[in-house]
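Asks: What follows is the file start12.cif, containing mmCIF, C-alpha atoms:
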```cif
data_coords
#
loop_
_atom_site.label_atom_id
_atom_site.label_comp_id
_atom_site.auth_asym_id
_atom_site.auth_seq_id
_atom_site.Cartn_x
_atom_site.Cartn_y
_atom_site.Cartn_z
CA MET E 1 51.71 97.47 117.64
CA GLY E 2 55.28 98.69 117.88
CA LEU E 3 58.59 98.85 116.06
CA SER E 4 62.05 98.38 117.55
CA VAL E 5 65.30 98.78 115.61
CA THR E 6 69.03 98.63 116.22
CA LEU E 7 70.87 99.21 112.96
CA LYS E 8 74.44 99.55 111.78
CA LYS E 9 75.36 100.12 108.15
CA LYS E 10 78.27 101.51 106.13
CA VAL E 11 77.37 102.90 102.70
CA ASN E 12 79.88 104.68 100.46
CA GLY E 13 81.87 106.01 103.41
CA PHE E 14 78.76 106.95 105.42
CA LYS E 15 78.30 105.15 108.74
CA LEU E 16 74.88 104.66 110.32
CA ASP E 17 74.55 103.50 113.93
CA VAL E 18 71.08 104.02 115.43
CA ALA E 19 68.69 102.44 117.90
CA TRP E 20 65.12 103.46 118.72
CA GLU E 21 61.73 102.06 119.59
CA ILE E 22 58.18 103.31 119.04
CA GLY E 23 54.69 102.15 119.97
CA ASN E 24 51.42 102.68 118.12
CA GLU E 25 52.14 106.32 117.31
CA LEU E 26 53.31 108.72 114.63
CA ALA E 27 57.08 108.98 114.88
CA VAL E 28 59.08 111.48 112.84
CA LEU E 29 62.68 110.87 111.80
CA PHE E 30 63.85 114.46 111.72
CA GLY E 31 67.12 115.99 110.60
CA PHE E 32 69.02 117.51 107.71
CA SER E 33 69.30 115.70 104.38
CA GLY E 34 71.99 113.02 104.41
CA ALA E 35 71.63 112.21 108.11
CA GLY E 36 70.65 108.57 107.51
CA LYS E 37 66.87 108.75 107.71
CA SER E 38 66.08 107.21 104.31
CA ILE E 39 68.67 104.46 104.78
CA THR E 40 66.92 103.56 108.03
CA LEU E 41 63.55 103.26 106.30
CA GLN E 42 65.03 101.19 103.48
CA MET E 43 66.47 98.73 105.99
CA ILE E 44 63.17 98.48 107.88
CA ALA E 45 61.41 97.78 104.58
CA GLY E 46 63.95 95.14 103.58
CA LEU E 47 65.24 97.10 100.58
CA LEU E 48 68.70 97.38 102.15
CA THR E 49 70.39 94.87 104.47
CA PRO E 50 71.95 96.12 107.72
CA ASP E 51 75.52 95.12 108.52
CA ASP E 52 74.50 94.45 112.10
CA GLY E 53 71.47 94.75 114.38
CA PHE E 54 67.81 93.78 114.45
CA ILE E 55 64.35 94.91 113.34
CA ARG E 56 61.28 93.79 115.28
CA ILE E 57 57.62 94.54 114.71
CA ASP E 58 55.79 93.69 117.92
CA ASN E 59 57.22 90.27 118.79
CA THR E 60 58.07 89.31 115.22
CA THR E 61 61.69 89.55 114.09
CA MET E 62 62.16 90.88 110.56
CA PHE E 63 65.94 90.99 110.76
CA ASP E 64 68.53 89.79 113.25
CA SER E 65 72.16 89.60 112.20
CA SER E 66 73.12 87.42 115.17
CA LYS E 67 70.45 84.82 114.29
CA ARG E 68 70.82 85.18 110.51
CA ILE E 69 67.18 86.15 110.13
CA ASN E 70 66.31 88.35 107.15
CA VAL E 71 62.64 88.27 106.14
CA PRO E 72 62.22 89.25 102.45
CA SER E 73 60.75 92.70 101.88
CA GLN E 74 57.55 91.36 100.28
CA LYS E 75 56.82 89.34 103.42
CA ARG E 76 57.31 92.14 105.96
CA HIS E 77 53.73 93.40 105.74
CA LEU E 78 54.70 97.06 105.64
CA GLY E 79 53.23 100.00 103.75
CA TYR E 80 55.72 102.33 102.05
CA VAL E 81 55.09 105.70 100.40
CA PHE E 82 58.11 106.99 98.50
CA GLN E 83 59.14 110.60 98.00
CA ASP E 84 58.18 110.46 94.31
CA LEU E 85 55.04 108.39 95.15
CA ALA E 86 56.01 105.78 92.48
CA LEU E 87 52.58 105.69 90.83
CA PHE E 88 52.47 103.82 87.54
CA PRO E 89 51.64 106.33 84.76
CA HIS E 90 50.09 103.66 82.50
CA MET E 91 47.68 102.47 85.22
CA THR E 92 44.41 104.02 86.32
CA ALA E 93 43.97 105.23 89.88
CA LEU E 94 42.07 102.05 90.73
CA ASN E 95 44.72 99.77 89.26
CA ASN E 96 47.46 101.68 91.07
CA ILE E 97 45.59 101.05 94.32
CA LEU E 98 45.02 97.39 93.46
CA TYR E 99 48.75 96.98 92.82
CA GLY E 100 49.21 97.08 96.60
CA SER E 101 46.96 94.07 97.14
CA ASP E 102 49.27 91.14 96.37
CA GLY E 103 48.31 88.12 98.45
CA LEU E 104 44.61 89.01 98.73
CA HIS E 105 41.82 87.03 97.06
CA LYS E 106 40.17 88.70 94.06
CA SER E 107 36.92 89.45 95.89
CA GLU E 108 38.83 90.80 98.87
CA LYS E 109 40.93 93.03 96.60
CA ARG E 110 37.84 94.71 95.16
CA GLU E 111 36.21 95.05 98.57
CA ARG E 112 39.35 96.52 100.10
CA ALA E 113 39.85 98.87 97.13
CA GLY E 114 36.30 100.15 97.64
CA GLU E 115 37.11 100.82 101.29
CA MET E 116 40.25 102.74 100.31
CA ILE E 117 38.44 104.80 97.68
CA GLU E 118 35.83 105.79 100.27
CA ALA E 119 38.39 106.43 103.01
CA PHE E 120 40.53 108.69 100.82
CA HIS E 121 37.63 110.43 99.03
CA LEU E 122 38.64 109.17 95.59
CA GLU E 123 35.13 108.50 94.27
CA GLY E 124 34.88 109.37 90.57
CA LEU E 125 38.64 109.18 90.03
CA GLU E 126 38.95 105.42 89.66
CA GLU E 127 39.50 105.48 85.88
CA LYS E 128 41.74 108.56 85.82
CA TYR E 129 45.45 108.24 85.07
CA PRO E 130 48.12 109.93 87.24
CA ALA E 131 48.72 112.64 84.62
CA GLU E 132 45.06 113.66 84.97
CA LEU E 133 45.20 114.02 88.76
CA SER E 134 46.20 116.83 91.11
CA GLY E 135 49.12 116.54 93.50
CA GLY E 136 46.82 115.95 96.46
CA GLN E 137 44.88 113.26 94.60
CA LYS E 138 48.10 111.45 93.69
CA GLN E 139 49.12 111.57 97.35
CA ARG E 140 45.86 109.97 98.45
CA ILE E 141 46.19 107.21 95.84
CA ALA E 142 49.73 106.42 97.01
CA PHE E 143 48.52 106.19 100.63
CA ALA E 144 45.53 104.06 99.63
CA ARG E 145 47.84 101.63 97.82
CA ALA E 146 50.21 101.46 100.81
CA LEU E 147 47.35 100.65 103.18
CA MET E 148 45.57 98.07 101.00
CA ARG E 149 47.01 95.08 102.88
CA ARG E 150 46.46 96.70 106.30
CA PRO E 151 50.18 96.87 107.09
CA ASP E 152 51.68 96.53 110.54
CA VAL E 153 53.66 99.77 110.05
CA LEU E 154 53.37 102.60 107.50
CA LEU E 155 56.69 104.06 106.29
CA LEU E 156 56.69 107.53 104.68
CA ASP E 157 59.82 108.91 103.00
CA GLU E 158 59.19 112.66 102.62
CA PRO E 159 55.95 112.13 100.68
CA PHE E 160 54.97 115.81 100.84
CA SER E 161 58.25 117.39 99.76
CA ALA E 162 57.10 118.20 96.20
CA LEU E 163 53.85 119.88 97.28
CA ASP E 164 53.27 123.61 97.65
CA SER E 165 52.81 125.05 101.14
CA SER E 166 48.99 125.02 101.14
CA LEU E 167 48.85 121.37 100.06
CA ARG E 168 51.48 120.44 102.65
CA ILE E 169 49.26 121.89 105.38
CA GLU E 170 46.31 119.88 104.06
CA MET E 171 48.42 116.71 103.98
CA ARG E 172 49.51 117.19 107.60
CA ARG E 173 45.86 117.10 108.64
CA PHE E 174 45.44 114.11 106.36
CA LEU E 175 48.20 112.24 108.23
CA LYS E 176 46.34 112.60 111.51
CA TYR E 177 43.21 111.30 109.81
CA ILE E 178 45.12 108.24 108.59
CA LYS E 179 46.53 107.54 112.05
CA ASN E 180 43.08 107.71 113.64
CA ARG E 181 41.23 105.83 110.89
CA PHE E 182 43.65 102.95 110.35
CA ASP E 183 45.23 102.74 113.82
CA VAL E 184 48.67 101.93 112.41
CA PRO E 185 52.13 103.01 113.62
CA ILE E 186 53.59 105.56 111.21
CA VAL E 187 57.23 106.49 110.64
CA LEU E 188 57.58 109.73 108.68
CA ILE E 189 60.81 111.23 107.35
CA THR E 190 61.07 115.00 107.06
CA HIS E 191 63.64 117.77 107.38
CA ASP E 192 60.84 120.36 107.56
CA VAL E 193 60.80 121.58 111.16
CA THR E 194 57.20 122.85 111.00
CA GLU E 195 55.98 119.55 109.60
CA ALA E 196 57.89 117.56 112.20
CA PHE E 197 56.54 119.46 115.19
CA THR E 198 52.99 119.63 113.83
CA VAL E 199 52.40 115.92 113.29
CA ALA E 200 54.79 113.98 115.54
CA ASP E 201 53.90 112.10 118.68
CA THR E 202 57.61 111.31 119.00
CA LEU E 203 60.58 113.03 117.37
CA ILE E 204 63.69 110.99 116.61
CA VAL E 205 66.39 113.50 115.74
CA TYR E 206 69.11 112.30 113.35
CA SER E 207 72.53 113.78 112.68
CA ASN E 208 75.43 112.24 110.74
CA GLY E 209 74.15 108.69 111.06
CA LYS E 210 73.26 108.85 114.75
CA VAL E 211 70.21 109.61 116.87
CA ILE E 212 71.04 112.68 118.95
CA GLN E 213 67.71 113.13 120.74
CA THR E 214 64.35 111.39 121.13
CA GLY E 215 61.24 112.79 122.77
CA THR E 216 57.90 114.48 122.31
CA PRO E 217 57.93 117.70 120.26
CA LYS E 218 57.47 119.67 123.48
CA ASP E 219 60.37 117.87 125.18
CA VAL E 220 62.69 118.55 122.25
CA LEU E 221 61.61 122.18 121.93
CA ASP E 222 61.88 122.90 125.66
CA ASN E 223 65.04 120.88 126.30
CA PRO E 224 67.26 120.54 123.22
CA LEU E 225 70.19 118.36 124.25
CA ASN E 226 72.89 120.23 122.37
CA SER E 227 73.65 123.07 119.97
CA GLU E 228 73.02 120.86 116.95
CA VAL E 229 69.44 120.15 118.02
CA LYS E 230 68.97 123.86 118.69
CA MET E 231 70.14 124.62 115.17
CA LEU E 232 67.80 122.01 113.68
CA ILE E 233 64.71 123.38 115.42
CA ASN E 234 65.56 127.04 114.87
CA THR E 235 62.85 128.72 112.80
CA LYS E 236 61.51 132.23 112.40
CA GLU E 237 57.97 130.88 112.30
CA PRO E 238 56.13 129.96 115.54
CA LEU E 239 55.91 126.20 115.98
CA HIS E 240 52.47 124.70 116.55
CA ILE E 241 53.25 121.57 118.51
CA ASN E 242 51.17 118.43 118.04
CA PRO E 243 49.03 118.27 121.20
#
```
Would you encode the structure as structure tokens?
Replies:
Amino acid sequence: MGLSVTLKKKVNGFKLDVAWEIGNELAVLFGFSGAGKSITLQMIAGLLTPDDGFIRIDNTTMFDSSKRINVPSQKRHLGYVFQDLALFPHMTALNNILYGSDGLHKSEKRERAGEMIEAFHLEGLEEKYPAELSGGQKQRIAFARALMRRPDVLLLDEPFSALDSSLRIEMRRFLKYIKNRFDVPIVLITHDVTEAFTVADTLIVYSNGKVIQTGTPKDVLDNPLNSEVKMLINTKEPLHINP
């Protein structure tokens, strides 16, 4: 599995021009708010159309401006967890999970939902509504829904930003569990330096619509390419780098 993108887009005076490639790993798009990270994810997911470039998952082209290829978002076989999680308040936990199963047969939906409930330790919560659940439980339901169709890539747009510090630490461990259990490439957006260095296999550092450095957390920490990267990774807390 792998993901390769070259993307150009102008949005309300903001210009994005990026290119990067990842394999079967956990890649973090890291940088200050407004750097172009969420726009990138939206284009990969098919929610926003690039002005120019391409998006390829393995050898399958999702978008190519030169060949006029633009696969609809619902056919891109991607999992997406939004910053606000986007759970449906009128649906139970189980029905929220099942909502991610379009295209599966009824028997397969129930079987897959059972797998997700077991994998994310949601037993006993199936009939609960989002308002009755903790922040961590809501997170796990959103991830279970995103993984129901066994996506080729999992896209995460700052899914932990609303959690308190203790839950964020728990969710970082949870991300590693997901990567190992489901063996899926993950692209995570964050502007939290501790989070980025703790979970990333590869850091893709964004600034003002461009990628200014790519590398392992250790590479970026030991050899920041410029003063802007140094400023981004500056923290008073010691960084525990993903081994």
Asks: Nearest residue to Glu108 in chain E out of E:Leu47, E:Gly13, E:Arg149, E:Glu21, using all atoms listed in the file?
Replies: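 Result for the nearest residue to Glu108 in chain E: E:Arg149.
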Asks: For each of E:Leu3, E:Met62, E:Ile204, E:Leu104, take the minimum atom-to-atom distance to Arg76 in chain E, counting all atoms listed in the file, then give the residue where this is smallest.
Replies: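 Smallest separation from Arg76 in chain E among the options: E:Met62.
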Asks: Pro224 in chain E: which residues within 12 Å, counting all atoms listed in the file, same-chain residues fewer than 2 positions away excluded, as a list in words?
Replies: Leu203, Val205, Ile212, Gln213, Thr214, Gly215, Thr216, Pro217, Lys218, Asp219, Val220, Leu221, Asp222, Asn226, Ser227, Glu228, Val229, Lys230, Met231, Leu232, Ile233 and Asn234 of chain E
Asks: Nearest to Phe160 in chain E: which of E:Asp17, E:Asp102, E:Asp183, E:Asp84 is it, counting all atoms listed in the file?
Replies: E:Asp84
Asks: Could you expand the PyMOL selection byres ((chain E and resi 66-71) around 12) into the explicit residues it covers here, written as a PyMOL selection string?
Replies: chain E and resi 6+43-57+60-65+72-78
Asks: To verify the selection step, state as a list in words which residues the PyMOL selection byres ((chain E and resi 156) around 7) yields on this input.
Replies: Tyr80, Val81, Phe82, Leu154, Leu155, Asp157, Glu158, Pro159, Val187, Leu188 and Ile189 of chain E
Asks: Quick one: pull the distance between CA of His121 in chain E and CA of Ala162 in chain E, Å, one decimal.
Replies: 21.2 Å
Asks: Near range 116-118 of chain E, counting all atoms listed in the file, which residues have an atom at most 8 Å away, once you skip same-chain residues fewer than 4 positions from it, shown as a ChimeraX atom specification?
Replies: /E:112,122-123,144,147-148
Asks: Rounded to one decimal place, report the CA of Ser33 in chain E-CA of Lys10 in chain E distance in Å.
Replies: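 Between CA of Ser33 in chain E and CA of Lys10 in chain E the gap works out to 16.9 Å.
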Asks: When you draw a straight line from CA of Ala93 in chain E to CA of His191 in chain E, how long is it in Å?
Replies: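 So the answer is 29.2 Å.
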Asks: Suppose a student applies the PyMOL selection byres ((chain E and resi 25) around 7) to this structure; what residues should they get, written as a ChimeraX atom specification?
Replies: /E:22-24,26-27,185-186,201
Asks: Take the selection from the previous step and output its residues with C-alpha atoms, as a PDB file, in the coordinates of the input.
Replies:
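File written: result-v9.pdb
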```pdb
ATOM      1  CA  ILE E  22      58.180 103.310 119.040  1.00  0.00           C
ATOM      2  CA  GLY E  23      54.690 102.150 119.970  1.00  0.00           C
ATOM      3  CA  ASN E  24      51.420 102.680 118.120  1.00  0.00           C
ATOM      4  CA  LEU E  26      53.310 108.720 114.630  1.00  0.00           C
ATOM      5  CA  ALA E  27      57.080 108.980 114.880  1.00  0.00           C
ATOM      6  CA  PRO E 185      52.130 103.010 113.620  1.00  0.00           C
ATOM      7  CA  ILE E 186      53.590 105.560 111.210  1.00  0.00           C
ATOM      8  CA  ASP E 201      53.900 112.100 118.680  1.00  0.00           C
TER       9      ASP E 201
END
```
Asks: Pick the closest to Arg145 in chain E from E:Asn59, E:Thr40, E:Ser101, E:Thr92: which is it, counting all atoms listed in the file?
Replies: E:Ser101
Asks: Measuring between all atoms listed in the file, which one of E:Gly135, E:Thr202, E:Leu29, E:Pro151 shows the shortest distance to Met171 in chain E?
Replies: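 Among E:Gly135, E:Thr202, E:Leu29, E:Pro151, it is E:Gly135 that comes nearest to Met171 in chain E.
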Asks: Assuming 4 Å of padding per side, give the centre and edge lengths of the axis-aligned box around every listed atom of range 119-135 of chain E, in Å to one decimal and as AutoDock Vina command-line options.
Replies:
```
--center_x 42.0 --center_y 111.1 --center_z 93.8 --size_x 22.2 --size_y 19.4 --size_z 26.4
```
Asks: Would you be able to write out as a CSV table (one decimal) with C-alpha atoms, in the coordinates of the input which residues have an atom within 7 Å of (42.6, 104.2, 88.8) in the file's coordinates, counting all atoms listed in the file?
Replies:
```csv
chain,number,residue,atom,x,y,z
E,91,MET,CA,47.7,102.5,85.2
E,92,THR,CA,44.4,104.0,86.3
E,93,ALA,CA,44.0,105.2,89.9
E,94,LEU,CA,42.1,102.0,90.7
E,95,ASN,CA,44.7,99.8,89.3
E,96,ASN,CA,47.5,101.7,91.1
E,125,LEU,CA,38.6,109.2,90.0
E,126,GLU,CA,39.0,105.4,89.7
E,127,GLU,CA,39.5,105.5,85.9
E,128,LYS,CA,41.7,108.6,85.8
E,129,TYR,CA,45.4,108.2,85.1
```
Asks: In terms of the shortest atom-to-atom distance over only C-alpha atoms, which of E:Asp152, E:Arg172, E:Leu225, E:Lys210 is closest to Lys8 in chain E?
Replies: E:Lys210
Asks: Kindly write range 21-51 of chain E with N, CA and C atoms to a file, as an mmCIF file, in the first residue's frame.
Replies:
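Dumped everything to part-v3.cif:
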```cif
data_model
loop_
_atom_site.group_PDB
_atom_site.id
_atom_site.type_symbol
_atom_site.label_atom_id
_atom_site.label_comp_id
_atom_site.auth_asym_id
_atom_site.auth_seq_id
_atom_site.Cartn_x
_atom_site.Cartn_y
_atom_site.Cartn_z
ATOM 1 N N GLU E 21 5.073 11.460 -1.047
ATOM 2 C CA GLU E 21 4.742 10.054 -1.255
ATOM 3 C C GLU E 21 5.013 9.289 0.028
ATOM 4 N N ILE E 22 4.113 8.375 0.387
ATOM 5 C CA ILE E 22 4.321 7.535 1.563
ATOM 6 C C ILE E 22 4.050 6.080 1.198
ATOM 7 N N GLY E 23 4.589 5.179 2.012
ATOM 8 C CA GLY E 23 4.300 3.762 1.876
ATOM 9 C C GLY E 23 3.281 3.337 2.919
ATOM 10 N N ASN E 24 3.368 2.092 3.341
ATOM 11 C CA ASN E 24 2.445 1.570 4.358
ATOM 12 C C ASN E 24 2.959 1.990 5.732
ATOM 13 N N GLU E 25 2.645 3.210 6.116
ATOM 14 C CA GLU E 25 3.206 3.807 7.329
ATOM 15 C C GLU E 25 2.242 4.833 7.892
ATOM 16 N N LEU E 26 2.616 5.394 9.032
ATOM 17 C CA LEU E 26 1.836 6.476 9.631
ATOM 18 C C LEU E 26 2.570 7.778 9.348
ATOM 19 N N ALA E 27 2.004 8.561 8.456
ATOM 20 C CA ALA E 27 2.608 9.840 8.073
ATOM 21 C C ALA E 27 1.837 10.974 8.730
ATOM 22 N N VAL E 28 2.562 11.960 9.231
ATOM 23 C CA VAL E 28 1.948 13.117 9.884
ATOM 24 C C VAL E 28 2.181 14.360 9.043
ATOM 25 N N LEU E 29 1.086 15.027 8.662
ATOM 26 C CA LEU E 29 1.180 16.355 8.058
ATOM 27 C C LEU E 29 1.230 17.341 9.216
ATOM 28 N N PHE E 30 2.376 17.979 9.376
ATOM 29 C CA PHE E 30 2.647 18.765 10.573
ATOM 30 C C PHE E 30 2.930 20.212 10.202
ATOM 31 N N GLY E 31 2.363 21.125 10.960
ATOM 32 C CA GLY E 31 2.603 22.542 10.713
ATOM 33 C C GLY E 31 1.551 23.378 11.406
ATOM 34 N N PHE E 32 1.740 24.685 11.377
ATOM 35 C CA PHE E 32 0.784 25.585 12.010
ATOM 36 C C PHE E 32 -0.569 25.527 11.299
ATOM 37 N N SER E 33 -1.611 25.965 11.985
ATOM 38 C CA SER E 33 -2.935 26.066 11.371
ATOM 39 C C SER E 33 -2.871 26.983 10.148
ATOM 40 N N GLY E 34 -3.605 26.608 9.102
ATOM 41 C CA GLY E 34 -3.645 27.425 7.896
ATOM 42 C C GLY E 34 -2.531 27.160 6.914
ATOM 43 N N ALA E 35 -1.749 26.081 7.146
ATOM 44 C CA ALA E 35 -0.619 25.786 6.260
ATOM 45 C C ALA E 35 -1.024 25.010 5.014
ATOM 46 N N GLY E 36 -2.251 24.461 4.998
ATOM 47 C CA GLY E 36 -2.705 23.713 3.828
ATOM 48 C C GLY E 36 -2.903 22.232 4.067
ATOM 49 N N LYS E 37 -2.802 21.808 5.313
ATOM 50 C CA LYS E 37 -2.898 20.381 5.622
ATOM 51 C C LYS E 37 -4.303 19.826 5.368
ATOM 52 N N SER E 38 -5.316 20.522 5.875
ATOM 53 C CA SER E 38 -6.695 20.031 5.710
ATOM 54 C C SER E 38 -7.138 20.073 4.255
ATOM 55 N N ILE E 39 -6.714 21.090 3.522
ATOM 56 C CA ILE E 39 -7.034 21.164 2.091
ATOM 57 C C ILE E 39 -6.459 19.949 1.369
ATOM 58 N N THR E 40 -5.249 19.564 1.742
ATOM 59 C CA THR E 40 -4.623 18.384 1.141
ATOM 60 C C THR E 40 -5.469 17.145 1.378
ATOM 61 N N LEU E 41 -5.892 16.930 2.623
ATOM 62 C CA LEU E 41 -6.707 15.761 2.938
ATOM 63 C C LEU E 41 -8.036 15.784 2.190
ATOM 64 N N GLN E 42 -8.647 16.953 2.096
ATOM 65 C CA GLN E 42 -9.923 17.070 1.384
ATOM 66 C C GLN E 42 -9.775 16.712 -0.089
ATOM 67 N N MET E 43 -8.647 17.073 -0.688
ATOM 68 C CA MET E 43 -8.421 16.719 -2.093
ATOM 69 C C MET E 43 -8.164 15.225 -2.248
ATOM 70 N N ILE E 44 -7.415 14.633 -1.327
ATOM 71 C CA ILE E 44 -7.187 13.188 -1.384
ATOM 72 C C ILE E 44 -8.507 12.437 -1.271
ATOM 73 N N ALA E 45 -9.385 12.936 -0.404
ATOM 74 C CA ALA E 45 -10.676 12.278 -0.179
ATOM 75 C C ALA E 45 -11.681 12.536 -1.291
ATOM 76 N N GLY E 46 -11.393 13.481 -2.171
ATOM 77 C CA GLY E 46 -12.322 13.804 -3.244
ATOM 78 C C GLY E 46 -13.385 14.806 -2.857
ATOM 79 N N LEU E 47 -13.192 15.482 -1.725
ATOM 80 C CA LEU E 47 -14.141 16.500 -1.274
ATOM 81 C C LEU E 47 -13.834 17.865 -1.874
ATOM 82 N N LEU E 48 -12.643 18.000 -2.436
ATOM 83 C CA LEU E 48 -12.195 19.235 -3.074
ATOM 84 C C LEU E 48 -11.372 18.834 -4.292
ATOM 85 N N THR E 49 -11.561 19.520 -5.406
ATOM 86 C CA THR E 49 -10.868 19.155 -6.643
ATOM 87 C C THR E 49 -9.611 19.993 -6.828
ATOM 88 N N PRO E 50 -8.447 19.353 -7.013
ATOM 89 C CA PRO E 50 -7.223 20.115 -7.277
ATOM 90 C C PRO E 50 -7.325 20.885 -8.593
ATOM 91 N N ASP E 51 -6.579 21.965 -8.697
ATOM 92 C CA ASP E 51 -6.470 22.674 -9.973
ATOM 93 C C ASP E 51 -5.552 21.922 -10.928
#
```
